[in-house]
Structures are given as C-alpha cells and as structure tokens.
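Asker: What follows is target.cif; its format and atoms are mmCIF, C-alpha atoms.
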```cif
data_input
loop_
_atom_site.label_atom_id
_atom_site.label_comp_id
_atom_site.auth_asym_id
_atom_site.auth_seq_id
_atom_site.Cartn_x
_atom_site.Cartn_y
_atom_site.Cartn_z
CA MET A 1 -17.79 -200.10 23.32
CA GLN A 2 -21.19 -198.52 23.98
CA GLY A 3 -24.38 -200.49 24.48
CA ALA A 4 -27.92 -199.18 24.70
CA LEU A 5 -27.60 -198.74 28.48
CA GLY A 6 -23.96 -197.71 28.58
CA PRO A 7 -20.52 -199.26 28.04
CA ASN A 8 -20.33 -203.02 27.58
CA LEU A 9 -17.79 -205.08 29.47
CA ARG A 10 -15.54 -207.34 27.42
CA PRO A 11 -16.32 -211.07 27.56
CA ASP A 12 -12.97 -211.71 29.28
CA PHE A 13 -13.24 -208.93 31.85
CA ARG A 14 -13.40 -211.37 34.78
CA ALA A 15 -10.14 -213.04 33.73
CA ARG A 16 -8.47 -209.64 33.43
CA GLN A 17 -9.77 -208.65 36.87
CA ASN A 18 -8.23 -211.78 38.34
CA ARG A 19 -4.91 -210.99 36.67
CA PHE A 20 -4.84 -207.47 38.13
CA GLY A 21 -6.29 -208.38 41.52
CA ASP A 22 -9.24 -206.04 40.94
CA CYS A 23 -12.28 -207.30 42.86
CA ARG A 24 -14.65 -204.39 42.22
CA PRO A 25 -18.18 -205.24 41.04
CA PRO A 26 -19.15 -204.47 37.41
CA ASP A 27 -21.07 -201.29 38.29
CA ARG A 28 -17.91 -199.80 39.86
CA LEU A 29 -15.85 -200.70 36.81
CA VAL A 30 -18.43 -198.92 34.66
CA ALA A 31 -18.39 -195.85 36.92
CA HIS A 32 -14.58 -195.74 36.76
CA TYR A 33 -14.57 -196.16 32.98
CA VAL A 34 -17.21 -193.49 32.34
CA LEU A 35 -15.35 -190.97 34.50
CA GLU A 36 -11.95 -191.67 32.92
CA ARG A 37 -13.38 -191.43 29.41
CA ALA A 38 -14.77 -187.98 30.25
CA LEU A 39 -11.51 -186.85 31.87
CA SER A 40 -9.38 -188.19 29.02
CA ASP A 41 -11.61 -186.44 26.47
CA ARG A 42 -11.08 -183.22 28.41
CA LEU A 43 -7.31 -183.63 28.17
CA ARG A 44 -7.35 -184.63 24.52
CA ASN A 45 -9.52 -181.65 23.57
CA THR A 46 -7.68 -179.02 25.62
CA ALA A 47 -5.38 -176.68 23.70
CA ARG A 48 -1.66 -177.30 24.19
CA GLU A 49 -1.02 -174.06 26.10
CA ALA A 50 -3.80 -174.85 28.60
CA ARG A 51 -2.98 -178.53 29.22
CA PRO A 52 -0.29 -178.04 31.91
CA LYS A 53 -2.93 -176.67 34.28
CA ILE A 54 -5.42 -179.43 33.40
CA TYR A 55 -3.30 -182.49 34.22
CA ARG A 56 -3.33 -181.92 37.96
CA LYS A 57 -7.06 -181.08 38.05
CA VAL A 58 -7.93 -184.22 36.08
CA TYR A 59 -6.10 -186.57 38.45
CA GLU A 60 -7.38 -184.79 41.54
CA GLU A 61 -10.94 -185.25 40.26
CA LEU A 62 -10.27 -188.90 39.43
CA PHE A 63 -9.02 -189.87 42.89
CA THR A 64 -11.52 -187.68 44.73
CA SER A 65 -14.45 -189.17 42.82
CA LEU A 66 -13.32 -192.81 43.06
CA PRO A 67 -12.55 -193.84 46.65
CA ASP A 68 -12.22 -197.45 45.43
CA HIS A 69 -9.68 -196.61 42.70
CA PRO A 70 -7.02 -199.38 42.67
CA GLN A 71 -4.20 -196.90 43.34
CA ARG A 72 -5.89 -195.91 46.58
CA ARG A 73 -5.58 -199.44 47.92
CA PRO A 74 -2.23 -199.70 49.77
CA HIS A 75 -1.73 -203.38 48.95
CA VAL A 76 -1.81 -202.76 45.19
CA ALA A 77 1.73 -201.38 45.06
CA PRO A 78 4.21 -204.23 45.62
CA PRO A 79 6.09 -203.72 48.87
CA ASN A 80 9.40 -204.29 47.05
CA ARG A 81 8.63 -201.78 44.27
CA VAL A 82 11.50 -199.44 45.14
CA ALA A 83 13.98 -202.30 45.56
CA THR A 84 12.95 -203.76 42.18
CA GLU A 85 13.29 -200.45 40.35
CA LEU A 86 16.54 -199.58 42.11
CA ALA A 87 18.01 -202.94 41.05
CA ARG A 88 17.14 -202.09 37.45
CA ILE A 89 18.75 -198.66 37.42
CA LYS A 90 21.65 -199.12 39.86
CA ARG A 91 24.09 -200.12 37.13
CA HIS A 92 23.49 -196.70 35.50
CA LEU A 93 24.20 -194.67 38.66
CA GLN A 94 27.68 -193.25 39.28
CA PRO A 95 29.10 -191.41 42.32
CA HIS A 96 29.80 -188.23 40.36
CA ALA A 97 26.49 -188.25 38.47
CA ALA A 98 23.18 -186.39 38.57
CA PHE A 99 20.06 -188.58 38.48
CA LEU A 100 16.57 -187.41 37.46
CA GLU A 101 13.34 -189.33 38.06
CA LEU A 102 10.38 -188.01 36.09
CA GLY A 103 6.97 -188.47 37.71
CA CYS A 104 8.59 -189.30 41.04
CA GLY A 105 5.38 -189.51 43.12
CA ASP A 106 6.52 -190.13 46.71
CA ALA A 107 10.15 -189.84 45.52
CA ALA A 108 11.04 -193.05 47.36
CA LEU A 109 13.08 -194.28 44.39
CA ALA A 110 14.90 -191.00 43.80
CA GLN A 111 15.76 -190.78 47.50
CA ALA A 112 17.01 -194.38 47.51
CA ALA A 113 19.11 -193.66 44.41
CA ALA A 114 20.64 -190.60 46.08
CA GLN A 115 23.12 -192.78 47.99
CA TYR A 116 24.74 -193.82 44.70
CA VAL A 117 24.99 -190.40 42.97
CA ASN A 118 26.16 -186.86 43.59
CA ILE A 119 22.64 -185.43 43.37
CA ALA A 120 19.18 -186.93 42.78
CA TYR A 121 16.28 -184.91 41.40
CA GLY A 122 12.62 -185.90 41.64
CA LEU A 123 10.26 -184.20 39.18
CA ASP A 124 6.47 -184.09 39.59
CA VAL A 125 3.46 -181.76 39.58
CA THR A 126 3.16 -181.96 43.38
CA ASP A 127 5.27 -182.87 46.40
CA ALA A 128 2.21 -183.82 48.47
CA LEU A 129 3.36 -187.46 48.75
CA ILE A 130 6.94 -186.64 49.76
CA ASP A 131 8.14 -186.70 53.36
CA PRO A 132 10.77 -183.93 53.51
CA LYS A 133 12.14 -185.26 56.79
CA ALA A 134 13.09 -188.53 55.11
CA ALA A 135 14.86 -186.87 52.18
CA PRO A 136 18.68 -187.12 52.08
CA GLY A 137 20.67 -183.93 51.74
CA ASN A 138 21.53 -184.55 48.09
CA PHE A 139 17.89 -184.98 47.00
CA SER A 140 16.09 -182.07 45.37
CA PHE A 141 12.41 -181.91 44.39
CA LEU A 142 11.55 -180.16 41.12
CA ARG A 143 7.99 -178.95 40.59
CA THR A 144 6.61 -178.94 37.05
CA GLU A 145 3.31 -177.86 35.55
CA GLY A 146 3.43 -180.81 33.20
CA ILE A 147 6.34 -181.36 30.84
CA MET A 148 8.94 -178.64 31.43
CA ILE A 149 12.00 -179.50 33.52
CA PRO A 150 13.30 -176.59 35.65
CA LEU A 151 16.98 -177.39 35.17
CA PRO A 152 19.73 -175.80 33.08
CA ASP A 153 20.96 -177.48 29.90
CA GLU A 154 23.21 -180.54 30.27
CA ARG A 155 22.76 -180.99 34.01
CA VAL A 156 21.70 -184.68 34.18
CA ASP A 157 23.66 -187.89 33.52
CA PHE A 158 20.85 -190.43 33.82
CA ALA A 159 17.08 -189.89 33.58
CA TYR A 160 14.38 -192.42 34.36
CA SER A 161 10.60 -192.71 34.17
CA TYR A 162 8.22 -195.54 35.02
CA GLN A 163 4.65 -195.65 33.72
CA LEU A 164 4.62 -191.94 32.83
CA MET A 165 4.67 -191.39 29.07
CA GLU A 166 1.32 -193.10 28.47
CA HIS A 167 -0.40 -190.49 30.67
CA LEU A 168 0.77 -187.58 28.49
CA HIS A 169 -0.96 -186.16 25.45
CA PRO A 170 1.09 -187.38 22.44
CA GLU A 171 2.11 -183.79 21.66
CA ASP A 172 3.30 -183.33 25.24
CA ALA A 173 5.15 -186.66 25.22
CA ALA A 174 7.19 -185.49 22.23
CA GLU A 175 7.88 -182.14 23.90
CA GLN A 176 8.91 -183.78 27.17
CA LEU A 177 11.39 -185.98 25.29
CA ARG A 178 12.95 -182.82 23.86
CA GLU A 179 13.17 -181.43 27.41
CA ILE A 180 14.85 -184.59 28.67
CA TRP A 181 17.32 -184.44 25.78
CA ARG A 182 18.03 -180.79 26.67
CA VAL A 183 18.88 -181.43 30.34
CA LEU A 184 21.00 -184.52 29.64
CA ARG A 185 24.73 -184.14 29.28
CA PRO A 186 26.31 -185.45 26.03
CA GLY A 187 26.42 -189.22 26.43
CA GLY A 188 23.69 -189.11 29.07
CA ARG A 189 21.00 -191.80 28.99
CA TYR A 190 17.25 -191.95 29.46
CA LEU A 191 15.50 -195.17 30.52
CA CYS A 192 11.78 -195.10 29.77
CA ILE A 193 9.41 -197.87 30.92
CA THR A 194 5.88 -197.59 29.55
CA PRO A 195 3.07 -200.09 28.75
CA SER A 196 2.97 -201.66 25.30
CA ARG A 197 -0.09 -201.27 23.11
CA VAL A 198 0.60 -204.79 21.85
CA THR A 199 -0.35 -206.25 25.23
CA GLY A 200 -2.79 -203.48 26.16
CA PRO A 201 -4.79 -201.67 26.98
CA HIS A 202 -3.45 -201.20 30.49
CA ASP A 203 -5.81 -198.59 31.92
CA ILE A 204 -9.46 -199.10 32.97
CA SER A 205 -10.42 -199.45 29.29
CA CYS A 206 -8.89 -202.96 29.39
CA TYR A 207 -12.27 -204.20 30.68
CA PHE A 208 -14.21 -202.59 27.83
CA ASP A 209 -12.03 -201.87 24.78
CA TYR A 210 -9.12 -203.39 22.86
CA GLU A 211 -7.05 -200.21 22.79
CA ALA A 212 -6.43 -197.55 25.42
CA THR A 213 -9.26 -195.01 25.48
CA CYS A 214 -9.01 -193.54 28.99
CA LEU A 215 -6.23 -191.78 30.89
CA HIS A 216 -3.57 -193.73 29.09
CA LEU A 217 -3.81 -191.11 26.37
CA ARG A 218 -1.59 -193.21 24.16
CA GLU A 219 0.09 -196.58 24.54
CA TYR A 220 3.01 -197.18 22.18
CA ASP A 221 4.85 -199.96 20.43
CA TYR A 222 8.62 -199.99 19.93
CA SER A 223 8.42 -198.57 16.42
CA GLN A 224 6.42 -195.54 17.57
CA LEU A 225 8.61 -195.05 20.62
CA ARG A 226 11.85 -195.19 18.65
CA ALA A 227 10.51 -192.67 16.15
CA LEU A 228 9.67 -190.25 18.99
CA PHE A 229 13.12 -190.66 20.54
CA ARG A 230 14.89 -190.09 17.24
CA THR A 231 12.82 -186.97 16.48
CA ALA A 232 13.83 -185.58 19.88
CA GLY A 233 17.51 -186.10 18.99
CA PHE A 234 18.33 -189.32 20.86
CA ARG A 235 20.58 -192.00 19.40
CA GLY A 236 21.52 -195.55 20.33
CA PHE A 237 17.95 -196.66 21.03
CA SER A 238 17.85 -200.10 22.71
CA CYS A 239 15.11 -202.49 23.86
CA LEU A 240 15.77 -203.90 27.32
CA ALA A 241 14.66 -206.89 29.35
CA TRP A 242 15.65 -208.05 32.83
CA ALA A 243 16.01 -211.57 34.13
CA ARG A 244 17.53 -212.75 37.40
CA GLY A 245 19.14 -209.38 37.97
CA TYR A 246 20.72 -209.15 34.53
CA GLU A 247 19.98 -206.48 31.93
CA ALA A 248 19.71 -207.74 28.35
CA HIS A 249 19.64 -205.66 25.18
CA LEU A 250 17.17 -207.24 22.74
CA PRO A 251 17.62 -206.90 18.96
CA TYR A 252 15.21 -204.22 17.82
CA LEU A 253 14.35 -205.85 14.49
CA ALA A 254 13.43 -209.14 16.14
CA VAL A 255 11.23 -207.46 18.77
CA ARG A 256 9.62 -205.20 16.19
CA THR A 257 8.90 -208.16 13.88
CA LEU A 258 7.16 -209.98 16.75
CA GLU A 259 5.14 -206.87 17.55
CA ALA A 260 4.07 -206.48 13.91
CA LEU A 261 2.96 -210.11 13.69
CA LEU A 262 0.89 -209.79 16.86
CA LEU A 263 -0.65 -206.48 15.82
CA ALA A 264 -1.79 -208.06 12.55
CA LEU A 265 -3.89 -210.61 14.44
CA PRO A 266 -7.55 -210.07 15.39
CA GLU A 267 -7.75 -208.22 18.70
CA ARG A 268 -9.27 -211.09 20.69
CA VAL A 269 -6.68 -213.57 19.40
CA ARG A 270 -3.83 -211.20 20.23
CA THR A 271 -5.27 -210.68 23.72
CA ARG A 272 -5.25 -214.42 24.41
CA LEU A 273 -1.68 -214.85 23.13
CA THR A 274 -0.27 -211.93 25.10
CA GLY A 275 -2.11 -212.62 28.34
CA PHE A 276 0.69 -214.70 29.79
CA SER A 277 3.12 -213.06 32.21
CA SER A 278 6.09 -214.14 30.08
CA ALA A 279 4.62 -212.42 27.01
CA GLN A 280 3.85 -209.31 29.05
CA ALA A 281 7.45 -209.19 30.29
CA LEU A 282 8.99 -209.72 26.84
CA LEU A 283 6.78 -207.17 25.07
CA GLY A 284 6.75 -204.46 27.73
CA LEU A 285 8.33 -201.26 26.49
CA ASN A 286 11.68 -200.82 28.25
CA ALA A 287 13.74 -198.44 26.15
CA ILE A 288 17.06 -196.74 26.83
CA ALA A 289 18.53 -194.10 24.58
CA VAL A 290 21.66 -191.95 24.53
CA LYS A 291 22.04 -188.24 23.89
#
```
Render the structure in this file as structure tokens.
Answerer:
Amino acid sequence: MQGALGPNLRPDFRARQNRFGDCRPPDRLVAHYVLERALSDRLRNTAREARPKIYRKVYEELFTSLPDHPQRRPHVAPPNRVATELARIKRHLQPHAAFLELGCGDAALAQAAAQYVNIAYGLDVTDALIDPKAAPGNFSFLRTEGIMIPLPDERVDFAYSYQLMEHLHPEDAAEQLREIWRVLRPGGRYLCITPSRVTGPHDISCYFDYEATCLHLREYDYSQLRALFRTAGFRGFSCLAWARGYEAHLPYLAVRTLEALLLALPERVRTRLTGFSSAQALLGLNAIAVK
C-alpha cells in the first residue's frame, strides 16, 4: 500500500510485531520493505535463464544492506530448531536410505539426520554457513545455482525442505518439484513445509499488505500446492500436522474447505481469525507426497 510519502503501515502492524518479536522502529520496517519490494521485482522480472545467478545476489544485497534484519539476530532462531525438525522427519529416515535437505543453510539438520541414514545430502547455493569440521563422514554438500539438483536419477529416498518454496519464482518452484521427483526413487517421499497464504503474508509485507509482495515471491494454499505436486508427477499428496510428537494426516477436503471459507472473507477479518497460534499451526502448509 503506497501513501503520498511512501508505503503505509497496516493498522495492526504493532500487534504483528509483538507476535514475531520484531522491535524495530517504523522507519526501519519501511526501509526493509522498500528494499525487499525492489529486490523481489528484480527477481520477478528477470528472465528464467538468468534467474539462477540472481538469487544469490539478491539475498547478499538484502543482508548486507540491512544489518538489523531479523535473521541476523541470533536469538530469532529457536535454540531447539534442529531438534524440532529432526523429531518431525525422524520417522521417515531409514538406515539404508539417502536423505536430501533442500535449502540446508548451515546444514545442521542434514548433519543431525546423517546418524539415521546411509547418506545425507545438503543442497544450497552456498556452503558459507557450514562448518566442514563438524560434518559426519556420510554427509555431502551439494551446490546449486538455484533449482537444479546435481544428483543422478532415483538417488534419494526422502527429501525435505523448510520455508524454501515461497522464496522461489513460481516457474522455478514448479521446475524444482520436477527435479525433486527426478532424484527420488520410486516410492520416495518429499516433505515440504511452506507458509500458507491463508494466514499470510509471512515476509516483511505482513506489516504493509494483505498478501505477500516481497521476497516471498508466492505463498500458496493447499489447492495450489497439490496442483503443483501433481503436475510434477507426485501422487499420494497428504496434509500433515504434528501434536505432542505425533504426525497426523488431515483430510484434504476438510482442510481445503476451511481454507476456501477463510479466503472468501474480507482480508482484515481473515487476519483477525487466523492470528491465533492454533490457527497458524492448523493452516500451515505441511505437505508430503510420494513418487
């Protein structure tokens, strides 16, 4: 939303700041938003063949230009992040299997998962955050320019990504799904966790807009996500939720009906209804699909 002097903050921006633990003053929120809008426009308007080289430059510029970016504050990431994610995926790890984490970052999760599998791969555009001395012998880092996975066909049993798909151009998200399908063995599974547009936006635009307009290039709902998975060749699409260490498969039609009802509401009403942590947990996109 643009005002005469620049972007206007939403009326509820203070409440959203409190929810996310973001204590930056309004002028820093505006600076962050303006920069991300420009960077996201650059990505959206870059031709497909040139985008792989742009992703890294965009995020380098973002973090270099914003020393107060939330991801640069060590306390933002929960100290038990790896333990929480490992608990979610451990049931899918087998001693004979190959595990692939897409967008591995510091590869802490992939390295922790290595003790339960034959080999663990971590895929990312850079290994700058990885400590090679801490890596177990059956961990292997894979460098990518964006969406391609440098592995032969049918090499992986279980693939996983957390908060990755929303950062990809929609065309690239579809292509990456085809790549994941290619490297999975028959019967292999992919667990994708990504923010829901029903409860969004979840990037810096949450303080200004009612849909993602910044470096979350697209936030999805279950209907859109399932369509992408099916186009890529996946089958057995399931919606997941976790409670007290248990994994539950939610009925797709019920979840999709709830999403449709919420999306039909005025944006500000939907924002109030989905602001509760229980609603966020229920409507978060946690999808697993089978090759």
Asker: Please return as number ranges by chain every residue within 8 Å of (7.4, -192.2, 34.2), taking into account only C-alpha atoms and the file's own coordinates.
Answerer: A: 101-104, 160-165, 192-194
Asker: Evaluated on this file, the PyMOL selection byres ((chain A and resi 123) around 9) picks out some residues - which ones are they, written as a VMD selection string?
Answerer: chain A and resid 100 to 105 107 121 to 122 124 to 127 140 to 144 149 to 150
Asker: Starting from the shown file, work through the PyMOL selection byres ((chain A and resi 110-115) around 8) and note down what comes out as a list in words.
Answerer: Val82, Leu86, Lys90, Leu93, Phe99, Leu100, Glu101, Cys104, Ala107, Ala108, Leu109, Tyr116, Val117, Asn118, Ile119, Ala120, Tyr121, Gly122, Ala135, Pro136, Asn138 and Phe139 of chain A
Asker: Mind pulling up the distance from atom CA of Leu265 of chain A to atom CA of Trp242 of chain A?
Answerer: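 Spanning atom CA of Trp242 of chain A to atom CA of Leu265 of chain A is a straight-line distance of 27.0 Å.
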Asker: Given the PyMOL selection byres ((chain A and resi 232) around 10) and the file above, list the residues it selects as a list of chain:residue names.
Answerer: A:Ala174, A:Glu175, A:Gln176, A:Leu177, A:Arg178, A:Glu179, A:Ile180, A:Trp181, A:Arg182, A:Arg226, A:Ala227, A:Leu228, A:Phe229, A:Arg230, A:Thr231, A:Gly233, A:Phe234, A:Arg235, A:Lys291
Asker: So which residues touch segment 277-280 of chain A within 9 Å, counting all atoms listed in the file, skipping near sequence neighbours fewer than 4 positions away, as number ranges by chain?
Answerer: A: 196, 199, 273, 284
Asker: From the options A:Arg81, A:Pro52, A:Arg88, A:His169, which residue's atoms come nearest to Ala243 of chain A, counting all atoms listed in the file?
Answerer: A:Arg88
Asker: Quick one: distance from atom CA of Val183 of chain A to atom CA of Gln94 of chain A in Å, one decimal?
Answerer: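 Result for atom CA of Val183 of chain A versus atom CA of Gln94 of chain A: 17.2 Å, one decimal.
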Asker: Counting all atoms listed in the file, which residue out of A:Val269, A:Leu39, A:Ala248, A:Ala47 sits closest to Glu171 of chain A?
Answerer: A:Ala47
Asker: Quick one: residues within 9 Å of (4.8, -205.8, 17.7) (file frame), counting all atoms listed in the file, please, as a list in words.
Answerer: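 Those residues, ordered by chain and then number, are Ser196, Arg197, Val198, Asp221, Tyr222, Ser223, Val255, Arg256, Thr257, Leu258, Glu259, Ala260, Leu261, Leu262, Leu263, Ala264 and Leu283 of chain A.
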Asker: With all atoms listed in the file as the counted atoms, please give the residues lying no more than 6 Å from Val156 of chain A, apart from itself and same-chain residues fewer than 3 positions off, as a PyMOL selection string.
Answerer: chain A and resi 98+183-185
Asker: Keeping only C-alpha atoms, write those residues as a compact mmCIF listing (two decimals), in the coordinates of the input.
Answerer:
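The result, written out as part.txt:
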```txt
# COMPACT_ATOMS: atom_id res chain seq x y z
CA ALA A 98 23.18 -186.39 38.57
CA VAL A 183 18.88 -181.43 30.34
CA LEU A 184 21.00 -184.52 29.64
CA ARG A 185 24.73 -184.14 29.28
```
Asker: A:Asp106, A:Asp157, A:Phe237, A:Glu49: which is nearest Leu129 of chain A, counting only C-alpha atoms?
Answerer: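 Closest to Leu129 of chain A of all the choices is A:Asp106.
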Asker: Using only C-alpha atoms, which residue out of A:Leu168, A:Asp27, A:Arg218, A:Ala128 lies closest to Arg48 of chain A?
Answerer: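 Checking each candidate against Arg48 of chain A, we get A:Leu168 as the closest.
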Asker: Record the distance separating atom CA of Asp203 of chain A and atom CA of Phe276 of chain A, expressed in Å with one decimal.
Answerer: 17.5 Å
Asker: Find, counting all atoms listed in the file, the residue in A:Glu166, A:Asp131, A:Glu247, A:Glu60 that gets nearest to His92 of chain A.
Answerer: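 Comparing A:Glu166, A:Asp131, A:Glu247, A:Glu60 against His92 of chain A, the winner is A:Glu247.
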Asker: Give me, as a list in words, all polymer residues having an atom no more than 10 Å from Leu62 of chain A, counting only C-alpha atoms and skipping those fewer than 6 positions away in the same chain.
Answerer: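 Result of the neighbour search: His32, Leu35, Glu36, Leu39, Arg56, His69 and Leu215 of chain A.
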